[in-house]
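Here's the structure we're looking at; comments come further down.
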Amino acid sequence: MTGMDDWRRQYASRITSPGDLAEYLGIPCPSSGCFAASRMFPMAVTPYYASLIRFPVETDPVFLQCMPSGYELHNPPWLTEDPLGEVPCSIAGRLVHRYRDRALIIATSECASYCRHCTRKRVSSRTAPHITERELDECAKYLKHHPEIDDVLVSGGDPLLLEDGVICMILERIRSVASVKAIRIATRAPVTIPMRITAELVSALSGVKPIYVNTHFNHVNELTDCAIEACSKLVDAGIPVANQTVLLRGVNDTAGAIEALCRKLFHNRIRPYYLFQCDLVRGVEHFRTPLDTGLDIMRNLRGRLSGMAIPNFAVDFPGKSGKIELLPQYIVERTGDRTVFTGNNGETVSYPEPETGWTSCSGMFEEQG
C-alpha cells in the first residue's frame, strides 16, 4: 500500500497548525486567536479528514471540529481539565476505575486528529504517549485483584494508532485475566483515518473475541464510503461496531442532522449507541448546547426512526456518578386509573392502569366457580 492510502503516511502528513490548514483549504490565514488556541490545545488533522471539509467556513461541521478557534480561550469556572473525574479514580496513571464492574485503560495519548471538543485534552500533552509493558503489568495486576471488573474499555487517545503487535500485546494481556469477559476499543480511526482498519488489524482483533468497537461519528458528512468500508470490515469479522455522538453547537444540534446520521449508521450496521451532552472540559463552551436541545432532538427522533436507530441521550458526570440518561417527558397527567401521554404525532393518548386487588398469579389455572 502506497501514497495517502497508507495509514502511516496519513499520520505522518497530519496538518498541525491553523496556518497550514488554511493553506491546504485555500482560505485566508486565520486570526491570532486560532493560533493561541492551537498552542493551548494541540492541533492535528489527517489529510483525509481535512478533505471532508466541503465549505471551509464556520458552518461546515468538519471544519468546526478541525480548526482551532479563539472561542476556546474562553473558560468559565465550570469547565475543567478533568470533567469526568478520571484522575482521582486512576491507578498507575493508565487504568481508570469509575464503575464497579468496568475499567478504562488509556493505551496512548495520541490521535490521528485532535477533536476540538476532546474530553481528554489533558492527556494529549503527555511526554510518554504510549502505555509501557510495566504499566500494562500494573493494570493487569489490578484487574486480577478486582474480579468484579468483567468489562475493560481500551481508549486514549486512539489505541488503533498503535502498531498491530502492540495492540495484540495489550489485548492479550487483558484477556489473560480470567475475570475479564468483554473488551471494548474506543477509536475514532474509522472517522479520521479509516485506512487504518486493515485486514491484518481486523484479523488481530478477531483473535480476542468477544471484542467490541465504539467509534465516534458526529455528522453524516463523516460517513464516507471509505469510513463505511472500514466499519464493514469489522462487522463482517463478527466485531460489533457502535457509535457515540457528541452533541455540538453548529455541528449537529438539530433533529435533522442527528436523524440523518443515525439513519445512515443504522443502514450500515453501526449501532447508534449514545448521544452525549458535551462534557464540561476546557475550551468547549462555544460548542455546548442547552439540555433542552438534546431532549427536543430525542423527541423528534421517536416515531421517525426505528428504535434500533435511536441513541440514548446522556450526560456524563464526574467520578462514580457516571452517565445519567435523559428522556423527553411524555406523561401529561396521571389519575387513579389512567395515565395520559403525548404521542409521537402530538396527540394525547390514554392508558388504563390494571384493576386493583390482584396480588399474584397463584390459582390462575384452578377452575373458577
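Naming works like this for the C-alpha cells: A, B, ... for the chains as they're shown, residue 1 at the start of each chain, ligands 1 onward in shown order.
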
Run DSSP on the backbone and grab whatever in segment 248-337 of chain A lands in strand (DSSP E or B); send it over as a PDB file with all heavy atoms, in the first residue's frame.
ATOM      1  N   ARG A 271     -24.344   0.608  15.184  1.00  0.00           N
ATOM      2  CA  ARG A 271     -25.414   0.906  16.133  1.00  0.00           C
ATOM      3  C   ARG A 271     -25.278   2.313  16.712  1.00  0.00           C
ATOM      4  O   ARG A 271     -24.251   2.641  17.311  1.00  0.00           O
ATOM      5  CB  ARG A 271     -25.373  -0.103  17.289  1.00  0.00           C
ATOM      6  CG  ARG A 271     -26.445   0.173  18.332  1.00  0.00           C
ATOM      7  CD  ARG A 271     -26.184  -0.593  19.606  1.00  0.00           C
ATOM      8  NE  ARG A 271     -27.083  -0.165  20.658  1.00  0.00           N
ATOM      9  CZ  ARG A 271     -26.898  -0.402  21.942  1.00  0.00           C
ATOM     10  NH1 ARG A 271     -25.824  -1.058  22.335  1.00  0.00           N
ATOM     11  NH2 ARG A 271     -27.757   0.014  22.841  1.00  0.00           N
ATOM     12  N   PRO A 272     -26.282   3.173  16.557  1.00  0.00           N
ATOM     13  CA  PRO A 272     -26.283   4.451  17.269  1.00  0.00           C
ATOM     14  C   PRO A 272     -26.459   4.184  18.772  1.00  0.00           C
ATOM     15  O   PRO A 272     -27.521   3.750  19.207  1.00  0.00           O
ATOM     16  CB  PRO A 272     -27.488   5.197  16.682  1.00  0.00           C
ATOM     17  CG  PRO A 272     -27.765   4.514  15.376  1.00  0.00           C
ATOM     18  CD  PRO A 272     -27.414   3.074  15.616  1.00  0.00           C
ATOM     19  N   TYR A 273     -25.417   4.399  19.540  1.00  0.00           N
ATOM     20  CA  TYR A 273     -25.356   3.956  20.928  1.00  0.00           C
ATOM     21  C   TYR A 273     -25.668   5.096  21.901  1.00  0.00           C
ATOM     22  O   TYR A 273     -26.622   5.026  22.675  1.00  0.00           O
ATOM     23  CB  TYR A 273     -23.964   3.373  21.168  1.00  0.00           C
ATOM     24  CG  TYR A 273     -23.673   2.825  22.545  1.00  0.00           C
ATOM     25  CD1 TYR A 273     -24.664   2.285  23.352  1.00  0.00           C
ATOM     26  CD2 TYR A 273     -22.360   2.812  23.019  1.00  0.00           C
ATOM     27  CE1 TYR A 273     -24.361   1.768  24.609  1.00  0.00           C
ATOM     28  CE2 TYR A 273     -22.045   2.298  24.262  1.00  0.00           C
ATOM     29  CZ  TYR A 273     -23.051   1.784  25.059  1.00  0.00           C
ATOM     30  OH  TYR A 273     -22.745   1.283  26.287  1.00  0.00           O
ATOM     31  N   TYR A 274     -24.874   6.157  21.867  1.00  0.00           N
ATOM     32  CA  TYR A 274     -25.082   7.303  22.746  1.00  0.00           C
ATOM     33  C   TYR A 274     -25.085   8.608  21.955  1.00  0.00           C
ATOM     34  O   TYR A 274     -24.345   8.762  20.977  1.00  0.00           O
ATOM     35  CB  TYR A 274     -23.966   7.401  23.796  1.00  0.00           C
ATOM     36  CG  TYR A 274     -24.213   6.607  25.051  1.00  0.00           C
ATOM     37  CD1 TYR A 274     -23.347   5.578  25.418  1.00  0.00           C
ATOM     38  CD2 TYR A 274     -25.286   6.893  25.889  1.00  0.00           C
ATOM     39  CE1 TYR A 274     -23.551   4.838  26.573  1.00  0.00           C
ATOM     40  CE2 TYR A 274     -25.499   6.159  27.052  1.00  0.00           C
ATOM     41  CZ  TYR A 274     -24.635   5.139  27.391  1.00  0.00           C
ATOM     42  OH  TYR A 274     -24.849   4.423  28.534  1.00  0.00           O
ATOM     43  N   LEU A 275     -25.910   9.524  22.404  1.00  0.00           N
ATOM     44  CA  LEU A 275     -25.811  10.934  22.044  1.00  0.00           C
ATOM     45  C   LEU A 275     -25.445  11.640  23.343  1.00  0.00           C
ATOM     46  O   LEU A 275     -26.259  11.701  24.270  1.00  0.00           O
ATOM     47  CB  LEU A 275     -27.138  11.458  21.495  1.00  0.00           C
ATOM     48  CG  LEU A 275     -27.198  12.968  21.205  1.00  0.00           C
ATOM     49  CD1 LEU A 275     -26.196  13.365  20.127  1.00  0.00           C
ATOM     50  CD2 LEU A 275     -28.620  13.392  20.799  1.00  0.00           C
ATOM     51  N   PHE A 276     -24.216  12.114  23.428  1.00  0.00           N
ATOM     52  CA  PHE A 276     -23.718  12.700  24.667  1.00  0.00           C
ATOM     53  C   PHE A 276     -23.855  14.216  24.671  1.00  0.00           C
ATOM     54  O   PHE A 276     -23.516  14.885  23.685  1.00  0.00           O
ATOM     55  CB  PHE A 276     -22.242  12.356  24.875  1.00  0.00           C
ATOM     56  CG  PHE A 276     -22.011  10.998  25.472  1.00  0.00           C
ATOM     57  CD1 PHE A 276     -21.263  10.057  24.788  1.00  0.00           C
ATOM     58  CD2 PHE A 276     -22.516  10.672  26.716  1.00  0.00           C
ATOM     59  CE1 PHE A 276     -21.036   8.800  25.335  1.00  0.00           C
ATOM     60  CE2 PHE A 276     -22.295   9.418  27.271  1.00  0.00           C
ATOM     61  CZ  PHE A 276     -21.558   8.484  26.572  1.00  0.00           C
ATOM     62  N   GLN A 277     -24.308  14.739  25.783  1.00  0.00           N
ATOM     63  CA  GLN A 277     -24.154  16.160  26.039  1.00  0.00           C
ATOM     64  C   GLN A 277     -22.660  16.456  26.133  1.00  0.00           C
ATOM     65  O   GLN A 277     -21.890  15.663  26.688  1.00  0.00           O
ATOM     66  CB  GLN A 277     -24.853  16.533  27.350  1.00  0.00           C
ATOM     67  CG  GLN A 277     -24.811  18.008  27.700  1.00  0.00           C
ATOM     68  CD  GLN A 277     -25.750  18.842  26.844  1.00  0.00           C
ATOM     69  OE1 GLN A 277     -26.497  18.303  26.020  1.00  0.00           O
ATOM     70  NE2 GLN A 277     -25.713  20.143  27.021  1.00  0.00           N
ATOM     71  N   VAL A 281     -15.417  20.251  29.646  1.00  0.00           N
ATOM     72  CA  VAL A 281     -13.964  20.313  29.540  1.00  0.00           C
ATOM     73  C   VAL A 281     -13.549  21.690  29.034  1.00  0.00           C
ATOM     74  O   VAL A 281     -14.314  22.372  28.336  1.00  0.00           O
ATOM     75  CB  VAL A 281     -13.443  19.198  28.611  1.00  0.00           C
ATOM     76  CG1 VAL A 281     -13.868  19.441  27.159  1.00  0.00           C
ATOM     77  CG2 VAL A 281     -11.928  19.051  28.707  1.00  0.00           C
ATOM     78  N   ARG A 302     -38.085   9.973  17.907  1.00  0.00           N
ATOM     79  CA  ARG A 302     -39.047   8.919  18.214  1.00  0.00           C
ATOM     80  C   ARG A 302     -40.216   8.984  17.236  1.00  0.00           C
ATOM     81  O   ARG A 302     -40.852  10.017  17.071  1.00  0.00           O
ATOM     82  CB  ARG A 302     -39.548   9.080  19.640  1.00  0.00           C
ATOM     83  CG  ARG A 302     -40.446   7.977  20.134  1.00  0.00           C
ATOM     84  CD  ARG A 302     -39.725   6.649  20.232  1.00  0.00           C
ATOM     85  NE  ARG A 302     -38.594   6.673  21.170  1.00  0.00           N
ATOM     86  CZ  ARG A 302     -37.769   5.651  21.361  1.00  0.00           C
ATOM     87  NH1 ARG A 302     -37.951   4.518  20.668  1.00  0.00           N
ATOM     88  NH2 ARG A 302     -36.769   5.751  22.220  1.00  0.00           N
ATOM     89  N   LEU A 305     -37.602   7.267  13.422  1.00  0.00           N
ATOM     90  CA  LEU A 305     -36.581   6.241  13.239  1.00  0.00           C
ATOM     91  C   LEU A 305     -36.981   4.981  13.989  1.00  0.00           C
ATOM     92  O   LEU A 305     -37.676   5.047  15.008  1.00  0.00           O
ATOM     93  CB  LEU A 305     -35.229   6.722  13.783  1.00  0.00           C
ATOM     94  CG  LEU A 305     -34.460   7.792  13.010  1.00  0.00           C
ATOM     95  CD1 LEU A 305     -33.234   8.217  13.808  1.00  0.00           C
ATOM     96  CD2 LEU A 305     -34.051   7.295  11.636  1.00  0.00           C
ATOM     97  N   ASN A 312     -29.141   6.646  23.000  1.00  0.00           N
ATOM     98  CA  ASN A 312     -29.500   7.110  24.338  1.00  0.00           C
ATOM     99  C   ASN A 312     -28.866   8.480  24.565  1.00  0.00           C
ATOM    100  O   ASN A 312     -27.657   8.641  24.356  1.00  0.00           O
ATOM    101  CB  ASN A 312     -28.991   6.136  25.404  1.00  0.00           C
ATOM    102  CG  ASN A 312     -29.559   4.747  25.231  1.00  0.00           C
ATOM    103  OD1 ASN A 312     -30.765   4.575  25.148  1.00  0.00           O
ATOM    104  ND2 ASN A 312     -28.691   3.745  25.162  1.00  0.00           N
ATOM    105  N   PHE A 313     -29.665   9.443  24.989  1.00  0.00           N
ATOM    106  CA  PHE A 313     -29.156  10.778  25.282  1.00  0.00           C
ATOM    107  C   PHE A 313     -28.693  10.801  26.737  1.00  0.00           C
ATOM    108  O   PHE A 313     -29.457  10.463  27.641  1.00  0.00           O
ATOM    109  CB  PHE A 313     -30.251  11.820  25.042  1.00  0.00           C
ATOM    110  CG  PHE A 313     -29.837  13.236  25.367  1.00  0.00           C
ATOM    111  CD1 PHE A 313     -28.617  13.741  24.964  1.00  0.00           C
ATOM    112  CD2 PHE A 313     -30.700  14.076  26.079  1.00  0.00           C
ATOM    113  CE1 PHE A 313     -28.239  15.043  25.257  1.00  0.00           C
ATOM    114  CE2 PHE A 313     -30.337  15.380  26.369  1.00  0.00           C
ATOM    115  CZ  PHE A 313     -29.110  15.864  25.958  1.00  0.00           C
ATOM    116  N   ALA A 314     -27.434  11.180  26.955  1.00  0.00           N
ATOM    117  CA  ALA A 314     -26.887  11.083  28.302  1.00  0.00           C
ATOM    118  C   ALA A 314     -25.940  12.226  28.619  1.00  0.00           C
ATOM    119  O   ALA A 314     -25.320  12.826  27.730  1.00  0.00           O
ATOM    120  CB  ALA A 314     -26.147   9.755  28.479  1.00  0.00           C
ATOM    121  N   VAL A 315     -25.854  12.516  29.913  1.00  0.00           N
ATOM    122  CA  VAL A 315     -24.862  13.443  30.457  1.00  0.00           C
ATOM    123  C   VAL A 315     -23.915  12.610  31.309  1.00  0.00           C
ATOM    124  O   VAL A 315     -24.352  11.801  32.128  1.00  0.00           O
ATOM    125  CB  VAL A 315     -25.518  14.538  31.318  1.00  0.00           C
ATOM    126  CG1 VAL A 315     -24.464  15.527  31.816  1.00  0.00           C
ATOM    127  CG2 VAL A 315     -26.595  15.272  30.537  1.00  0.00           C
ATOM    128  N   ASP A 316     -22.615  12.783  31.104  1.00  0.00           N
ATOM    129  CA  ASP A 316     -21.623  12.041  31.875  1.00  0.00           C
ATOM    130  C   ASP A 316     -21.110  12.926  33.001  1.00  0.00           C
ATOM    131  O   ASP A 316     -20.595  14.028  32.752  1.00  0.00           O
ATOM    132  CB  ASP A 316     -20.459  11.619  30.968  1.00  0.00           C
ATOM    133  CG  ASP A 316     -19.775  10.356  31.455  1.00  0.00           C
ATOM    134  OD1 ASP A 316     -20.073   9.926  32.582  1.00  0.00           O
ATOM    135  OD2 ASP A 316     -18.932   9.805  30.711  1.00  0.00           O
ATOM    136  N   PHE A 317     -21.254  12.448  34.220  1.00  0.00           N
ATOM    137  CA  PHE A 317     -20.857  13.217  35.387  1.00  0.00           C
ATOM    138  C   PHE A 317     -19.557  12.678  35.969  1.00  0.00           C
ATOM    139  O   PHE A 317     -19.151  11.548  35.681  1.00  0.00           O
ATOM    140  CB  PHE A 317     -21.977  13.187  36.436  1.00  0.00           C
ATOM    141  CG  PHE A 317     -23.155  14.038  36.065  1.00  0.00           C
ATOM    142  CD1 PHE A 317     -24.243  13.496  35.398  1.00  0.00           C
ATOM    143  CD2 PHE A 317     -23.165  15.389  36.360  1.00  0.00           C
ATOM    144  CE1 PHE A 317     -25.329  14.275  35.043  1.00  0.00           C
ATOM    145  CE2 PHE A 317     -24.247  16.189  36.007  1.00  0.00           C
ATOM    146  CZ  PHE A 317     -25.334  15.635  35.352  1.00  0.00           C
ATOM    147  N   GLY A 322     -21.183   8.875  37.105  1.00  0.00           N
ATOM    148  CA  GLY A 322     -21.351   8.241  35.801  1.00  0.00           C
ATOM    149  C   GLY A 322     -22.387   8.887  34.909  1.00  0.00           C
ATOM    150  O   GLY A 322     -22.766  10.049  35.077  1.00  0.00           O
ATOM    151  N   LYS A 323     -22.862   8.088  33.966  1.00  0.00           N
ATOM    152  CA  LYS A 323     -23.778   8.588  32.944  1.00  0.00           C
ATOM    153  C   LYS A 323     -25.215   8.593  33.472  1.00  0.00           C
ATOM    154  O   LYS A 323     -25.664   7.620  34.069  1.00  0.00           O
ATOM    155  CB  LYS A 323     -23.698   7.712  31.691  1.00  0.00           C
ATOM    156  CG  LYS A 323     -22.310   7.644  31.082  1.00  0.00           C
ATOM    157  CD  LYS A 323     -22.289   6.672  29.924  1.00  0.00           C
ATOM    158  CE  LYS A 323     -20.881   6.520  29.371  1.00  0.00           C
ATOM    159  NZ  LYS A 323     -19.963   5.860  30.337  1.00  0.00           N
ATOM    160  N   ILE A 324     -25.909   9.677  33.203  1.00  0.00           N
ATOM    161  CA  ILE A 324     -27.331   9.782  33.521  1.00  0.00           C
ATOM    162  C   ILE A 324     -28.075  10.003  32.212  1.00  0.00           C
ATOM    163  O   ILE A 324     -27.807  10.972  31.496  1.00  0.00           O
ATOM    164  CB  ILE A 324     -27.615  10.928  34.506  1.00  0.00           C
ATOM    165  CG1 ILE A 324     -26.927  10.643  35.857  1.00  0.00           C
ATOM    166  CG2 ILE A 324     -29.118  11.109  34.712  1.00  0.00           C
ATOM    167  CD1 ILE A 324     -27.103  11.741  36.878  1.00  0.00           C
ATOM    168  N   GLU A 325     -28.971   9.080  31.883  1.00  0.00           N
ATOM    169  CA  GLU A 325     -29.725   9.191  30.637  1.00  0.00           C
ATOM    170  C   GLU A 325     -30.934  10.103  30.833  1.00  0.00           C
ATOM    171  O   GLU A 325     -31.613  10.043  31.860  1.00  0.00           O
ATOM    172  CB  GLU A 325     -30.164   7.802  30.164  1.00  0.00           C
ATOM    173  CG  GLU A 325     -28.980   6.920  29.779  1.00  0.00           C
ATOM    174  CD  GLU A 325     -29.420   5.577  29.234  1.00  0.00           C
ATOM    175  OE1 GLU A 325     -30.609   5.444  28.872  1.00  0.00           O
ATOM    176  OE2 GLU A 325     -28.576   4.669  29.178  1.00  0.00           O
ATOM    177  N   ILE A 331     -45.508  12.044  29.730  1.00  0.00           N
ATOM    178  CA  ILE A 331     -46.698  11.950  30.579  1.00  0.00           C
ATOM    179  C   ILE A 331     -47.303  13.335  30.786  1.00  0.00           C
ATOM    180  O   ILE A 331     -46.622  14.264  31.211  1.00  0.00           O
ATOM    181  CB  ILE A 331     -46.344  11.313  31.936  1.00  0.00           C
ATOM    182  CG1 ILE A 331     -45.884   9.868  31.737  1.00  0.00           C
ATOM    183  CG2 ILE A 331     -47.537  11.364  32.887  1.00  0.00           C
ATOM    184  CD1 ILE A 331     -45.446   9.181  33.010  1.00  0.00           C
ATOM    185  N   VAL A 332     -48.571  13.448  30.466  1.00  0.00           N
ATOM    186  CA  VAL A 332     -49.298  14.714  30.630  1.00  0.00           C
ATOM    187  C   VAL A 332     -50.022  14.750  31.964  1.00  0.00           C
ATOM    188  O   VAL A 332     -50.019  15.759  32.676  1.00  0.00           O
ATOM    189  CB  VAL A 332     -50.310  14.912  29.475  1.00  0.00           C
ATOM    190  CG1 VAL A 332     -51.127  16.184  29.683  1.00  0.00           C
ATOM    191  CG2 VAL A 332     -49.589  14.947  28.132  1.00  0.00           C
ATOM    192  N   GLU A 333     -50.636  13.624  32.327  1.00  0.00           N
ATOM    193  CA  GLU A 333     -51.469  13.605  33.532  1.00  0.00           C
ATOM    194  C   GLU A 333     -51.577  12.169  34.049  1.00  0.00           C
ATOM    195  O   GLU A 333     -51.605  11.216  33.266  1.00  0.00           O
ATOM    196  CB  GLU A 333     -52.868  14.143  33.208  1.00  0.00           C
ATOM    197  CG  GLU A 333     -53.825  14.158  34.379  1.00  0.00           C
ATOM    198  CD  GLU A 333     -55.228  14.588  33.973  1.00  0.00           C
ATOM    199  OE1 GLU A 333     -55.502  14.665  32.746  1.00  0.00           O
ATOM    200  OE2 GLU A 333     -56.046  14.836  34.872  1.00  0.00           O
ATOM    201  N   ARG A 334     -51.647  12.021  35.377  1.00  0.00           N
ATOM    202  CA  ARG A 334     -51.862  10.701  35.983  1.00  0.00           C
ATOM    203  C   ARG A 334     -53.019  10.802  36.968  1.00  0.00           C
ATOM    204  O   ARG A 334     -53.025  11.650  37.855  1.00  0.00           O
ATOM    205  CB  ARG A 334     -50.616  10.208  36.706  1.00  0.00           C
ATOM    206  CG  ARG A 334     -49.397  10.114  35.817  1.00  0.00           C
ATOM    207  CD  ARG A 334     -48.285   9.350  36.481  1.00  0.00           C
ATOM    208  NE  ARG A 334     -48.565   7.915  36.495  1.00  0.00           N
ATOM    209  CZ  ARG A 334     -47.685   7.002  36.864  1.00  0.00           C
ATOM    210  NH1 ARG A 334     -46.486   7.356  37.272  1.00  0.00           N
ATOM    211  NH2 ARG A 334     -48.009   5.720  36.861  1.00  0.00           N
TER     212      ARG A 334
END

- prompt: Could you name the residues that touch segment 346-349 of chain A at 12 Å or less, counting only C-alpha atoms, but leaving out those on the same chain fewer than 2 positions away, as a PyMOL selection string?
  reply: chain A and resi 299-300+302-303+330-334+338-344+351-352

- prompt: So which residues touch segment 52-59 of chain A within 9 Å, counting only C-alpha atoms, skipping near sequence neighbours fewer than 4 positions away, as number ranges by chain?
  reply: A: 22, 25-27, 47-48, 63-64, 221-222, 224, 250-251

message: Env of Cys115 of chain A: 12 Å cut, atoms = only C-alpha atoms, seq-sep filter 5 positions within chain, self excluded. Answer as JSON, numbers by chain.
response: {"A": [38, 41, 42, 43, 44, 45, 46, 49, 61, 62, 63, 64, 65, 66, 67, 68, 69, 110, 120, 121, 124, 157, 158, 188, 191, 192, 216, 217, 218, 246, 248, 283, 284, 287]}

Store the residues picked out above in a file with N, CA and C atoms, as a short mmCIF file (atom, residue, chain, number, x, y, z; two decimals), in the first residue's frame.
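The result, stored in out.cif:
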data_model
loop_
_atom_site.label_atom_id
_atom_site.label_comp_id
_atom_site.auth_asym_id
_atom_site.auth_seq_id
_atom_site.Cartn_x
_atom_site.Cartn_y
_atom_site.Cartn_z
N SER A 38 -4.48 26.86 19.37
CA SER A 38 -3.71 25.68 18.97
C SER A 38 -2.49 25.48 19.86
N PHE A 41 -4.29 24.01 23.17
CA PHE A 41 -4.80 22.66 22.95
C PHE A 41 -4.25 22.18 21.61
N PRO A 42 -3.42 21.13 21.59
CA PRO A 42 -2.74 20.69 20.36
C PRO A 42 -3.70 20.47 19.19
N MET A 43 -3.18 20.72 18.01
CA MET A 43 -3.97 20.55 16.79
C MET A 43 -3.31 19.49 15.91
N ALA A 44 -4.11 18.63 15.32
CA ALA A 44 -3.64 17.68 14.32
C ALA A 44 -4.84 17.23 13.50
N VAL A 45 -4.69 17.19 12.19
CA VAL A 45 -5.76 16.77 11.28
C VAL A 45 -5.14 15.95 10.17
N THR A 46 -5.67 14.76 9.91
CA THR A 46 -5.16 13.99 8.78
C THR A 46 -5.62 14.62 7.47
N TYR A 49 -9.15 13.49 6.66
CA TYR A 49 -10.25 14.14 7.38
C TYR A 49 -10.43 15.58 6.92
N PRO A 61 -19.53 21.31 9.35
CA PRO A 61 -19.40 20.52 10.58
C PRO A 61 -18.01 19.93 10.79
N VAL A 62 -17.32 19.58 9.72
CA VAL A 62 -15.97 19.03 9.87
C VAL A 62 -14.97 20.14 10.14
N PHE A 63 -15.11 21.27 9.47
CA PHE A 63 -14.24 22.42 9.70
C PHE A 63 -14.28 22.85 11.17
N LEU A 64 -15.46 22.87 11.74
CA LEU A 64 -15.60 23.28 13.14
C LEU A 64 -14.88 22.32 14.08
N GLN A 65 -14.82 21.05 13.73
CA GLN A 65 -14.15 20.07 14.59
C GLN A 65 -12.64 20.04 14.38
N CYS A 66 -12.16 20.67 13.29
CA CYS A 66 -10.74 20.66 12.94
C CYS A 66 -10.00 21.93 13.33
N MET A 67 -10.58 23.07 12.96
CA MET A 67 -9.87 24.34 13.07
C MET A 67 -9.98 24.92 14.47
N PRO A 68 -8.86 25.19 15.12
CA PRO A 68 -8.91 25.85 16.42
C PRO A 68 -9.62 27.21 16.31
N SER A 69 -10.22 27.61 17.41
CA SER A 69 -10.97 28.86 17.44
C SER A 69 -10.59 29.67 18.67
N GLU A 110 -2.10 9.73 21.88
CA GLU A 110 -2.08 10.27 20.52
C GLU A 110 -3.35 9.93 19.75
N ARG A 120 -10.40 14.54 26.82
CA ARG A 120 -9.11 14.25 27.45
C ARG A 120 -7.98 15.11 26.87
N LYS A 121 -8.24 16.40 26.74
CA LYS A 121 -7.17 17.29 26.28
C LYS A 121 -5.95 17.21 27.19
N SER A 124 -3.34 14.61 25.90
CA SER A 124 -2.65 14.76 24.62
C SER A 124 -1.28 15.42 24.74
N GLY A 157 -6.60 9.25 23.97
CA GLY A 157 -6.08 8.99 22.65
C GLY A 157 -6.80 7.90 21.88
N ASP A 158 -6.14 7.44 20.82
CA ASP A 158 -6.75 6.41 19.96
C ASP A 158 -5.86 5.18 19.92
N ARG A 188 -11.54 6.63 17.06
CA ARG A 188 -12.11 7.47 16.01
C ARG A 188 -11.42 7.20 14.67
N VAL A 191 -13.32 7.25 11.46
CA VAL A 191 -13.79 8.59 11.07
C VAL A 191 -12.66 9.41 10.46
N THR A 192 -11.49 9.40 11.10
CA THR A 192 -10.42 10.33 10.71
C THR A 192 -9.29 9.70 9.93
N HIS A 216 -16.92 7.13 16.75
CA HIS A 216 -17.34 8.48 17.13
C HIS A 216 -17.62 9.35 15.90
N PHE A 217 -18.67 9.00 15.14
CA PHE A 217 -19.15 9.86 14.05
C PHE A 217 -20.06 10.93 14.65
N ASN A 218 -19.82 12.17 14.28
CA ASN A 218 -20.66 13.28 14.77
C ASN A 218 -21.59 13.84 13.71
N VAL A 246 -21.27 13.16 20.03
CA VAL A 246 -21.32 14.27 20.97
C VAL A 246 -22.15 15.39 20.35
N LEU A 248 -23.00 18.91 19.50
CA LEU A 248 -22.14 20.08 19.37
C LEU A 248 -22.87 21.21 18.64
N GLY A 283 -12.32 24.77 27.04
CA GLY A 283 -12.26 25.11 25.63
C GLY A 283 -13.49 24.77 24.81
N VAL A 284 -14.60 24.35 25.45
CA VAL A 284 -15.75 23.88 24.68
C VAL A 284 -17.03 24.68 24.91
N PHE A 287 -19.26 25.21 22.05
CA PHE A 287 -19.87 24.01 21.49
C PHE A 287 -21.08 23.54 22.29
#

task: Compile the contact shell of Glu133 of chain A as a ChimeraX atom specification: residues with an atom at most 10 Å away, counting only C-alpha atoms, same-chain residues fewer than 3 positions apart removed.
output: /A:130,136-139,166,169-170,173

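Proximity ranking of A:Ala204, A:Val180, A:Ala189, A:Thr254 relative to Ala230 of chain A places A:Ala189 first, based on only C-alpha atoms.
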
- prompt: Suppose you want the space between atom CA of Ser176 of chain A and atom CA of Arg134 of chain A; what is it in Å?
  reply: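 Value for the atom CA of Ser176 of chain A-atom CA of Arg134 of chain A distance: 15.6 Å.
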
- request: Write out as a PyMOL selection string all residues of segment 283-315 of chain A that backbone DSSP assigns to alpha helix (DSSP H).
  value: chain A and resi 291-301

Generate a file of the selected residues that holds C-alpha atoms, formatted as a PDB file, in the first residue's frame.
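Result saved to out03.pdb:
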ATOM      1  CA  LEU A 291     -30.141  20.255  27.680  1.00  0.00           C
ATOM      2  CA  ASP A 292     -33.491  21.060  26.086  1.00  0.00           C
ATOM      3  CA  THR A 293     -31.817  20.912  22.661  1.00  0.00           C
ATOM      4  CA  GLY A 294     -30.938  17.262  23.165  1.00  0.00           C
ATOM      5  CA  LEU A 295     -34.339  16.452  24.644  1.00  0.00           C
ATOM      6  CA  ASP A 296     -36.093  18.082  21.683  1.00  0.00           C
ATOM      7  CA  ILE A 297     -33.932  16.087  19.278  1.00  0.00           C
ATOM      8  CA  MET A 298     -34.799  12.835  21.072  1.00  0.00           C
ATOM      9  CA  ARG A 299     -38.493  13.728  20.987  1.00  0.00           C
ATOM     10  CA  ASN A 300     -38.269  14.299  17.228  1.00  0.00           C
ATOM     11  CA  LEU A 301     -36.391  11.054  16.567  1.00  0.00           C
TER      12      LEU A 301
END

Close residues, Leu160 of chain A itself excluded, 12 Å, only C-alpha atoms, min 2 positions apart in chain, as a PyMOL selection string: chain A and resi 7-8+11+106-112+130+154-158+162-168+170-171+184-190+192-198+201-202+204-205+213-215

Distance of atom CA of Ser206 of chain A from atom CA of Ala237 of chain A, expressed in Å to one decimal place: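 So the answer is 6.8 Å.
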